[in-house]
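K.L.:
Pasting a structure here, questions to come.
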Amino acid sequence: GLRSLRELLELNPEYLKIASPELNHYKMLEALRDYREEQGRRGEEKIPVILSSGVSKLEDIEKAVAIVGTENVSLLHCITSYPAPEDEYNLRVITTFCKKFGIECGVSDHSLDPILVPVLSVACGGTVIEKHITLSRKTAGLDDPVALEGEQFSLMVHVVNQTEALLNR
């Protein structure tokens with residue numbers, strides 16, 4: 001919400017992610033837009049924003065991007081199931097998002113496979129991958145059951161880098 005946004009911005013984060021359920025919190029997005037516009041007036045680089053689209057219709061996404069703008073903004077295709085079945089991703093949406101919005105796009109991946117969805121997202125034009133990481137999948141953290149442990153995360157990064165090299169990116 002608005003209070004959380006203000007508190008977070010006081011910490012001067014390097015990036016700001018808007019989670020899927022907040023994509024249609026238009027008052028919060030307008031406050032973020034105003035903050036970024038003020039940064040621009042001061043000659044500062046606008047804080048990069050990552051928007052996640054998980055529970056939204058295309059009209060919601062269009063409105064969110066229209067409010068926040070496209071400068072230093074990325075958009076993630078997201079399936080909100082935990083874990084998310086790989087066969088429900090429809091990763092071609094990433095290609096559609098890239099063409100429609102002209103911004104960096106990618107995937108917020110909550111699947112259990114450390115490689116399949118991230119690599120296919122790159123093949124569809126994705127340049128941003130969100131994948132949760134944990135010290136142990138056996139702990140009680142909310143995202144731990146769908147997160148990758150360090151070794152799996154390293155493998156994912158390695159294979160994604162190989163895929164980008166093969167695609168000449």
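Quick note on naming: the chains in the structure tokens go A, B, ... in the order shown, residues restart at 1 in each chain, and ligands are numbered from 1 in order of appearance.
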Give me the residues within 12 Å of stretch 92-101 of chain A as number ranges by chain, counting only C-alpha atoms and dropping any in the same chain fewer than 6 places off.

P.N.:
A: 51-54, 58, 61-66, 69-71, 73-79, 107-108, 117-118, 120-129

K.L.:
With only C-alpha atoms as the atoms that count, which of A:Met156, A:Val146, A:Ile47, A:Leu112 lies nearest to A:Tyr15?

P.N.:
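Closest residue, counting only C-alpha atoms: A:Ile47.
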
K.L.:
Identify which of the residues A:Leu91, A:Leu135, A:Leu9, A:Ala84 lies closest to A:Tyr35, counting only C-alpha atoms when measuring atom-to-atom distances.

P.N.:
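Among the listed residues, A:Leu9 lies closest to A:Tyr35.
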
K.L.:
So that I can check the secondary structure, give me every residue of chain A assigned strand (DSSP E) by backbone DSSP, as a list in words.

P.N.:
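Residues meeting the strand (DSSP E) criterion: Leu16, Lys17, Ile18, Val49, Ile50, Leu51, Ser52, Val73, Ser74, Leu75, Leu76, His77, Cys78, Glu104, Cys105, Gly106, Val107, Ser108, Asp109, Val128, Ile129, Glu130 and Lys131 of chain A.
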
K.L.:
With DSSP run on the backbone, what are the helix (DSSP H, G or I) residues within stretch 43-163 of chain A? I'd like them as number ranges by chain.

P.N.:
A: 58-68, 86-88, 92-101, 116-123, 144-146, 150-163

K.L.:
Set the distance at 12 Å and use only C-alpha atoms: which residues neighbour A:Arg3 once local chain neighbours fewer than 2 positions away are removed? I'd like the list as an mmCIF file with C-alpha atoms, in the first residue's frame.

P.N.:
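The resulting file, out-v8.cif, is reproduced below:
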data_model
loop_
_atom_site.group_PDB
_atom_site.id
_atom_site.type_symbol
_atom_site.label_atom_id
_atom_site.label_comp_id
_atom_site.auth_asym_id
_atom_site.auth_seq_id
_atom_site.Cartn_x
_atom_site.Cartn_y
_atom_site.Cartn_z
ATOM 1 C CA GLY A 1 0.000 0.000 0.000
ATOM 2 C CA LEU A 5 5.707 2.323 -0.579
ATOM 3 C CA ARG A 6 6.756 5.473 1.319
ATOM 4 C CA GLU A 7 8.679 3.452 3.886
ATOM 5 C CA LEU A 8 10.403 1.420 1.206
ATOM 6 C CA LEU A 9 11.399 4.470 -0.832
ATOM 7 C CA GLU A 10 12.976 5.992 2.296
ATOM 8 C CA LYS A 27 -3.161 5.215 -6.164
ATOM 9 C CA MET A 28 0.064 3.499 -5.144
ATOM 10 C CA ALA A 31 2.485 7.853 -5.942
ATOM 11 C CA LEU A 32 5.368 5.863 -7.411
#

K.L.:
Pick from A:Val157, A:Val55, A:Ala140, A:Ile67: nearest to A:Tyr26, with only C-alpha atoms counted?

P.N.:
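Answer, going by the shortest atom-to-atom distance: A:Ile67.
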
K.L.:
What lies within 12 Å of A:Glu149 using only C-alpha atoms, ignoring chain neighbours under 3 positions off, as a VMD selection string?

P.N.:
chain A and resid 112 to 114 131 to 139 143 to 146 152 to 156

K.L.:
Once you have the residues from the selection above, write them out as a tab-separated table (two decimals), in the first residue's frame, restricted to N, CA, C and O atoms.

P.N.:
chain	number	residue	atom	x	y	z
A	112	LEU	N	8.91	-25.54	-10.16
A	112	LEU	CA	9.92	-26.28	-9.40
A	112	LEU	C	11.17	-26.60	-10.22
A	112	LEU	O	12.23	-26.82	-9.66
A	113	ASP	N	11.05	-26.59	-11.52
A	113	ASP	CA	12.19	-26.89	-12.39
A	113	ASP	C	13.13	-25.68	-12.43
A	113	ASP	O	12.69	-24.57	-12.71
A	114	PRO	N	14.40	-25.88	-12.16
A	114	PRO	CA	15.32	-24.73	-12.14
A	114	PRO	C	15.70	-24.20	-13.51
A	114	PRO	O	16.27	-23.11	-13.61
A	131	LYS	N	13.35	-15.54	-9.78
A	131	LYS	CA	13.28	-16.90	-9.25
A	131	LYS	C	13.69	-16.81	-7.80
A	131	LYS	O	14.73	-16.24	-7.48
A	132	HIS	N	12.88	-17.32	-6.91
A	132	HIS	CA	13.18	-17.25	-5.49
A	132	HIS	C	14.36	-18.15	-5.14
A	132	HIS	O	14.56	-19.20	-5.75
A	133	ILE	N	15.14	-17.72	-4.16
A	133	ILE	CA	16.29	-18.48	-3.69
A	133	ILE	C	16.15	-18.65	-2.18
A	133	ILE	O	15.62	-17.78	-1.49
A	134	THR	N	16.61	-19.80	-1.68
A	134	THR	CA	16.53	-20.09	-0.25
A	134	THR	C	17.77	-20.86	0.19
A	134	THR	O	18.44	-21.48	-0.64
A	135	LEU	N	18.05	-20.81	1.46
A	135	LEU	CA	19.14	-21.63	1.99
A	135	LEU	C	18.70	-23.08	2.09
A	135	LEU	O	19.52	-23.99	1.97
A	136	SER	N	17.40	-23.31	2.30
A	136	SER	CA	16.87	-24.67	2.40
A	136	SER	C	15.39	-24.68	2.03
A	136	SER	O	14.61	-23.89	2.55
A	137	ARG	N	15.01	-25.61	1.17
A	137	ARG	CA	13.61	-25.77	0.81
A	137	ARG	C	12.81	-26.41	1.95
A	137	ARG	O	11.60	-26.48	1.90
A	138	LYS	N	13.49	-26.86	2.97
A	138	LYS	CA	12.84	-27.53	4.10
A	138	LYS	C	12.42	-26.56	5.20
A	138	LYS	O	11.76	-26.96	6.14
A	139	THR	N	12.81	-25.29	5.08
A	139	THR	CA	12.44	-24.32	6.11
A	139	THR	C	11.02	-23.82	5.88
A	139	THR	O	10.39	-24.11	4.88
A	143	ASP	N	7.96	-18.74	0.63
A	143	ASP	CA	8.37	-19.11	-0.72
A	143	ASP	C	9.35	-20.28	-0.77
A	143	ASP	O	9.71	-20.73	-1.85
A	144	ASP	N	9.80	-20.76	0.38
A	144	ASP	CA	10.81	-21.81	0.40
A	144	ASP	C	10.45	-23.05	-0.41
A	144	ASP	O	11.31	-23.61	-1.09
A	145	PRO	N	9.19	-23.52	-0.39
A	145	PRO	CA	8.87	-24.72	-1.16
A	145	PRO	C	9.06	-24.57	-2.67
A	145	PRO	O	9.25	-25.56	-3.37
A	146	VAL	N	9.00	-23.36	-3.19
A	146	VAL	CA	9.15	-23.15	-4.64
A	146	VAL	C	10.48	-22.48	-4.97
A	146	VAL	O	10.76	-22.20	-6.14
A	152	GLN	N	21.15	-25.16	-7.27
A	152	GLN	CA	20.18	-25.11	-8.36
A	152	GLN	C	20.13	-23.72	-8.99
A	152	GLN	O	20.00	-23.58	-10.20
A	153	PHE	N	20.23	-22.69	-8.15
A	153	PHE	CA	20.21	-21.32	-8.65
A	153	PHE	C	21.41	-21.07	-9.56
A	153	PHE	O	21.27	-20.49	-10.65
A	154	SER	N	22.58	-21.54	-9.14
A	154	SER	CA	23.79	-21.40	-9.98
A	154	SER	C	23.62	-22.11	-11.31
A	154	SER	O	24.02	-21.59	-12.35
A	155	LEU	N	23.04	-23.31	-11.27
A	155	LEU	CA	22.78	-24.05	-12.50
A	155	LEU	C	21.86	-23.25	-13.42
A	155	LEU	O	22.11	-23.14	-14.62
A	156	MET	N	20.79	-22.68	-12.86
A	156	MET	CA	19.86	-21.89	-13.65
A	156	MET	C	20.59	-20.73	-14.33
A	156	MET	O	20.45	-20.51	-15.53

K.L.:
Counting only C-alpha atoms, figure out which residue out of A:Pro85, A:Val159, A:Leu142, A:Leu11 gets nearest to A:Ile115.

P.N.:
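Using only C-alpha atoms, A:Ile115 sits closest to A:Val159.
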
K.L.:
Between atom CA of A:Arg36 and atom CA of A:Val49, what is the distance in Å, rounded to a tenth?

P.N.:
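These two atoms are separated by 9.7 Å.
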
K.L.:
Between A:Leu23, A:Val68, A:Ile50, A:Leu116, which one has atoms that come closest to A:Glu130, using only C-alpha atoms?

P.N.:
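Nearest candidate to A:Glu130 out of A:Leu23, A:Val68, A:Ile50, A:Leu116: A:Ile50.
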
K.L.:
If you measure from atom CA of A:Glu59 to atom CA of A:Asn72, what distance in Å do you get, rounded to one decimal?

P.N.:
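Straight-line distance from atom CA of A:Glu59 to atom CA of A:Asn72 works out to 20.8 Å.
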